[in-house]
Amino acid sequence: MNELDDIWDELNVIYSKWGIEEIPFSESASTLKESRRKKVFTGRRKELKEVLNLFRAIERKRILIYGWIGMGKTAFILVILDFLNRKMEKTLTAYISLPADTDLATAALIALARQMKNDEWAQNLLNQMGLITEKPLKQRESKAKAGLPGLGGEISEKTIEINEPRFPELSFEDLLKRALKEYDRVVIAIDDLDKQDPARVKQLLLDAQGMLKSGAWFILTGHPFGLTRDLVISERGLFDFSIKLEPIDQATMYKMLVKYLNSVRPQTSQYSVENPQAVKPFTKETARMLCQRSSGVPRWLNRLGNYVLQKASEINAEIITTEILQQGFIFTNQQVRGQLGLTPEDFILLNLVLEKGQLSDENITLEELQKLKVQEFSEVIHIIDKLVQADLIRRLPNDTAIEVAPTPLIFSYQEIESESSN
Ligand SMILES: Nc1ncnc2c1ncn2[C@@H]1O[C@H](COP(=O)(O)OP(=O)(O)O)[C@@H](O)[C@H]1O
Ligand SMILES: [Mg+2]
């Protein structure tokens, strides 16, 4: 039993030598608290300015933020919503991660209803959908009072039937009208369209044309693939404005690393970027190497940083030298490859990408397609998407064809070879 205490103390020693209280990195922006998000958010100035400028106008806008997974779409919209909440009077903001098998109007309806806590109708609507409301509903309360005094407990145990709204778009418009009586502006952010199959996203957007034309502001996030051309460019009039989040430059990534580390240092030892101490336990050199390997993708910085620090604390490394960093990268490779839920087909495709360094319609053979049990390369898109979500492979910038390569979180065969020959 004391062993646990010993281990904990040992970890304490190493973390206090590093001058940090815990590992600051996280995979997804939505799990961070607002205060922490504010502390670590770095860069994207140009994009933020573009979006904030839109809020200088009274006319409502529909905004699309798109980019590959991990590029920082969720973080970007959340800092904007945080800001609007803090600074803009009479603005109601609502955020929702698009639930599976849900149309956009229903998602928007749920998001808005959740924010209208004092609106009986909104709360009723949520209840009918089987969603939890913060306040007990009046109707039920009165039933309890009239019929079964003292048996309030029974009411809450009653199972609620889930009723999808029959006309989500109309319900949304009704609710919006009610919201706009109290607020000048209603901003609805629907996140995670990037986690859906691209063909479905397209359909969802087309189906949501009516809702998008309503009087609310919308911020949606998506995947570049499947959203291109006709949808993004306002040809169809779906969006007024779209921004693509691209990889972040190295200097900004370094600043980001410093901010993450500062966020877990005591108030009394906050360092500026110029101070070499700011990246402790990294050295300036290994901090740069870490940023470089992250390739401008904030999520990769978070995942690599997390695994490197985990490894370093395990082996009691006071300073992250290039050797320790390398061990951290090897550990990352093991962890990312060892993710659960991968099927044999997923591994076949992953191995093809690793063997070839780069995989596309151009260099996949008929035999390889057969092994994957498909006839055409386009049929493996769902596998590609899954491996991209898992940070195993990345899509290469190519507008006309699907081309993929390993991410820097895993080692390519060349790297493994050079590693073992060392
Ligand atoms: N500009 C940024 N500054 C600091 N951290 C960021 C930034 N953008 C993203 N992150 C972090 O990187 C991780 C992935 O970002 P996220 O917004 O979830 O990506 P996406 O939604 O595009 O998949 C999260 O932990 C998030 O907090
Ligand atoms: Mg996201």
# chains A, B, ... in the order shown; residues from 1 in each chain; ligands from 1
>>> select_by_dssp(residues="region 116-336 of chain A", states="strand (DSSP E)", output="PyMOL selection string")
chain A and resi 185-191+217-222+241-244
>>> write_last_selection(atoms="C-alpha atoms", output="PDB file, in the first residue's frame")
ATOM      1  CA  ARG A 185     -28.331  38.123 -31.549  1.00  0.00           C
ATOM      2  CA  VAL A 186     -28.413  34.361 -31.361  1.00  0.00           C
ATOM      3  CA  VAL A 187     -25.273  32.433 -32.336  1.00  0.00           C
ATOM      4  CA  ILE A 188     -25.507  28.690 -32.810  1.00  0.00           C
ATOM      5  CA  ALA A 189     -22.319  26.674 -33.200  1.00  0.00           C
ATOM      6  CA  ILE A 190     -22.666  23.144 -34.501  1.00  0.00           C
ATOM      7  CA  ASP A 191     -19.378  21.340 -34.172  1.00  0.00           C
ATOM      8  CA  TRP A 217     -25.981  33.280 -36.745  1.00  0.00           C
ATOM      9  CA  PHE A 218     -24.431  29.918 -37.441  1.00  0.00           C
ATOM     10  CA  ILE A 219     -20.906  28.659 -37.017  1.00  0.00           C
ATOM     11  CA  LEU A 220     -20.314  25.172 -38.370  1.00  0.00           C
ATOM     12  CA  THR A 221     -17.137  23.142 -38.472  1.00  0.00           C
ATOM     13  CA  GLY A 222     -16.216  20.573 -41.059  1.00  0.00           C
ATOM     14  CA  PHE A 241     -18.035  33.257 -44.990  1.00  0.00           C
ATOM     15  CA  SER A 242     -15.666  30.335 -44.698  1.00  0.00           C
ATOM     16  CA  ILE A 243     -12.229  29.956 -43.201  1.00  0.00           C
ATOM     17  CA  LYS A 244      -9.834  27.111 -43.630  1.00  0.00           C
TER      18      LYS A 244
END
>>> residues_near_ligand(ligand="ligand 2", cutoff="7 Å", atoms="only C-alpha atoms and all ligand atoms", output="list in words")
Ser28, Ile69, Gly70, Gly72, Lys73, Thr74, Asp191 and Asp192 of chain A
>>> residues_near_ligand(ligand="ligand 1", cutoff="7 Å", atoms="only C-alpha atoms and all ligand atoms", output="list in words")
Phe25, Ser26, Glu27, Ser28, Ala29, Ser30, Leu32, Arg37, Val40, Phe41, Thr42, Gly43, Arg44, Gly67, Trp68, Ile69, Gly70, Met71, Gly72, Lys73, Thr74, Ala75, Phe76, Asp192, Met256, Pro298, Arg299 and Asn302 of chain A
>>> residues_around(residues="region 193-209 of chain A", least_positions_apart="2", cutoff="7 Å", atoms="only C-alpha atoms", output="ChimeraX atom specification")
/A:98,103-105,191,211-213,221-223,225-227,238
>>> write_last_selection(atoms="C-alpha atoms", output="PDB file, in the first residue's frame")
ATOM      1  CA  LEU A  98     -23.497  17.140 -33.680  1.00  0.00           C
ATOM      2  CA  ASP A 103     -30.088  16.471 -38.633  1.00  0.00           C
ATOM      3  CA  LEU A 104     -28.748  19.980 -38.232  1.00  0.00           C
ATOM      4  CA  ALA A 105     -32.114  21.547 -37.403  1.00  0.00           C
ATOM      5  CA  ASP A 191     -19.378  21.340 -34.172  1.00  0.00           C
ATOM      6  CA  MET A 211     -32.632  26.557 -41.170  1.00  0.00           C
ATOM      7  CA  LEU A 212     -29.494  28.295 -42.357  1.00  0.00           C
ATOM      8  CA  LYS A 213     -31.652  31.030 -43.832  1.00  0.00           C
ATOM      9  CA  THR A 221     -17.137  23.142 -38.472  1.00  0.00           C
ATOM     10  CA  GLY A 222     -16.216  20.573 -41.059  1.00  0.00           C
ATOM     11  CA  HIS A 223     -13.732  18.538 -42.944  1.00  0.00           C
ATOM     12  CA  PHE A 225     -13.155  16.884 -48.023  1.00  0.00           C
ATOM     13  CA  GLY A 226     -16.657  16.766 -49.449  1.00  0.00           C
ATOM     14  CA  LEU A 227     -17.218  20.373 -48.482  1.00  0.00           C
ATOM     15  CA  LEU A 238     -25.292  28.247 -47.665  1.00  0.00           C
TER      16      LEU A 238
END
>>> residues_around(residues="Asn351 (chain A)", least_positions_apart="4", cutoff="10 Å", atoms="only C-alpha atoms", output="list of chain:residue names")
A:Glu345, A:Asp346, A:Phe347, A:Glu355, A:Lys356, A:Gly357, A:Pro406, A:Ser412, A:Tyr413
>>> write_last_selection(atoms="N, CA and C atoms", output="mmCIF file, in the first residue's frame")
data_model
loop_
_atom_site.group_PDB
_atom_site.id
_atom_site.type_symbol
_atom_site.label_atom_id
_atom_site.label_comp_id
_atom_site.auth_asym_id
_atom_site.auth_seq_id
_atom_site.Cartn_x
_atom_site.Cartn_y
_atom_site.Cartn_z
ATOM 1 N N GLU A 345 -8.644 -5.016 -41.750
ATOM 2 C CA GLU A 345 -8.574 -4.166 -42.958
ATOM 3 C C GLU A 345 -7.884 -2.835 -42.662
ATOM 4 N N ASP A 346 -8.180 -2.282 -41.476
ATOM 5 C CA ASP A 346 -7.533 -1.022 -41.102
ATOM 6 C C ASP A 346 -6.017 -1.201 -41.106
ATOM 7 N N PHE A 347 -5.582 -2.333 -40.539
ATOM 8 C CA PHE A 347 -4.139 -2.569 -40.465
ATOM 9 C C PHE A 347 -3.525 -2.808 -41.843
ATOM 10 N N GLU A 355 4.397 1.140 -45.935
ATOM 11 C CA GLU A 355 5.331 0.554 -46.897
ATOM 12 C C GLU A 355 5.665 1.522 -48.016
ATOM 13 N N LYS A 356 4.618 2.141 -48.543
ATOM 14 C CA LYS A 356 4.810 2.987 -49.721
ATOM 15 C C LYS A 356 5.190 4.418 -49.357
ATOM 16 N N GLY A 357 4.968 4.771 -48.110
ATOM 17 C CA GLY A 357 5.269 6.148 -47.695
ATOM 18 C C GLY A 357 4.136 7.093 -48.051
ATOM 19 N N PRO A 406 1.731 8.616 -43.651
ATOM 20 C CA PRO A 406 1.689 8.435 -42.192
ATOM 21 C C PRO A 406 1.783 9.796 -41.487
ATOM 22 N N SER A 412 7.695 5.759 -39.706
ATOM 23 C CA SER A 412 7.671 5.109 -41.010
ATOM 24 C C SER A 412 8.710 3.988 -40.976
ATOM 25 N N TYR A 413 8.652 3.094 -41.950
ATOM 26 C CA TYR A 413 9.612 1.996 -41.948
ATOM 27 C C TYR A 413 11.046 2.491 -42.056
#
>>> select_by_dssp(residues="region 178-263 of chain A", states="helix (DSSP H, G or I)", output="ChimeraX atom specification")
/A:178-182,193-195,198-207,209-212,234-236,250-262
>>> residues_around(residues="region 358-364 of chain A", least_positions_apart="4", cutoff="10 Å", atoms="only C-alpha atoms", output="PyMOL selection string")
chain A and resi 349-350+352-354+368-369+376-378+393-396+401-406
>>> write_last_selection(atoms="C-alpha atoms", output="compact mmCIF listing (two decimals), in the first residue's frame")
# COMPACT_ATOMS: atom_id res chain seq x y z
CA LEU A 349 -4.34 -0.18 -45.27
CA LEU A 350 -2.09 1.30 -42.61
CA LEU A 352 0.30 -0.15 -47.23
CA VAL A 353 0.66 3.51 -46.36
CA LEU A 354 3.72 2.75 -44.26
CA GLU A 368 -3.90 -4.78 -52.76
CA LEU A 369 -7.44 -3.65 -53.41
CA GLU A 376 -11.93 0.69 -56.22
CA PHE A 377 -9.80 2.94 -54.10
CA SER A 378 -12.76 5.20 -53.39
CA ILE A 393 -2.44 8.74 -41.31
CA ARG A 394 -3.05 12.17 -42.77
CA ARG A 395 -4.55 13.38 -46.02
CA LEU A 396 -2.08 15.16 -48.26
CA ALA A 401 -7.41 12.92 -55.54
CA ILE A 402 -7.19 11.15 -52.22
CA GLU A 403 -3.61 10.81 -51.19
CA VAL A 404 -2.46 9.77 -47.73
CA ALA A 405 0.77 9.45 -45.77
CA PRO A 406 1.69 8.44 -42.19
>>> residues_around(residues="Glu164 (chain A)", least_positions_apart="3", cutoff="9 Å", atoms="only C-alpha atoms", output="short mmCIF file (atom, residue, chain, number, x, y, z; two decimals) with C-alpha atoms, in the first residue's frame")
data_model
loop_
_atom_site.label_atom_id
_atom_site.label_comp_id
_atom_site.auth_asym_id
_atom_site.auth_seq_id
_atom_site.Cartn_x
_atom_site.Cartn_y
_atom_site.Cartn_z
CA THR A 106 -32.65 19.14 -34.51
CA GLN A 128 -40.10 15.45 -24.89
CA MET A 129 -36.88 14.46 -26.60
CA PHE A 167 -40.81 19.52 -37.69
CA PRO A 168 -37.42 20.40 -36.22
#
>>> residues_around(residues="Pro408 (chain A)", least_positions_apart="3", cutoff="8 Å", atoms="only C-alpha atoms", output="MDAnalysis selection string")
chainID A and resid 293:295 411
>>> closest_atom_pairs(of="region 17-102 of chain A", to="region 116-124 of chain A", cutoff="12 Å", atoms="only C-alpha atoms", output="Markdown table")
| residue | atom | partner | partner_atom | distance |
| --- | --- | --- | --- | --- |
| A:Leu92 | CA | A:Met116 | CA | 9.0 |
| A:Thr93 | CA | A:Met116 | CA | 10.3 |
| A:Ala94 | CA | A:Met116 | CA | 9.6 |
>>> write_last_selection(atoms="N, CA and C atoms", output="CSV table (one decimal), in the first residue's frame")
chain,number,residue,atom,x,y,z
A,92,LEU,N,-26.9,35.7,-27.4
A,92,LEU,CA,-27.0,34.3,-26.8
A,92,LEU,C,-26.2,33.4,-27.7
A,93,THR,N,-25.3,32.6,-27.0
A,93,THR,CA,-24.5,31.7,-27.8
A,93,THR,C,-24.9,30.2,-27.4
A,94,ALA,N,-24.9,29.4,-28.3
A,94,ALA,CA,-25.2,28.0,-28.0
A,94,ALA,C,-24.2,27.1,-28.8
>>> closest_residue(among="A:Thr283, A:Lys386, A:Leu304, A:Pro397", to="Leu342 (chain A)", atoms="only C-alpha atoms")
A:Lys386
>>> closest_residue(among="A:Lys373, A:Arg166, A:Arg265, A:Lys46", to="Lys17 (chain A)", atoms="only C-alpha atoms")
A:Arg265
>>> atom_distance(atom1="CA of Ala278 (chain A)", atom2="CA of Gln326 (chain A)")
20.7 Å
>>> atom_distance(atom1="CA of Phe55 (chain A)", atom2="CA of Val79 (chain A)")
14.1 Å
>>> atom_distance(atom1="CA of Asp9 (chain A)", atom2="CA of Phe282 (chain A)")
21.7 Å
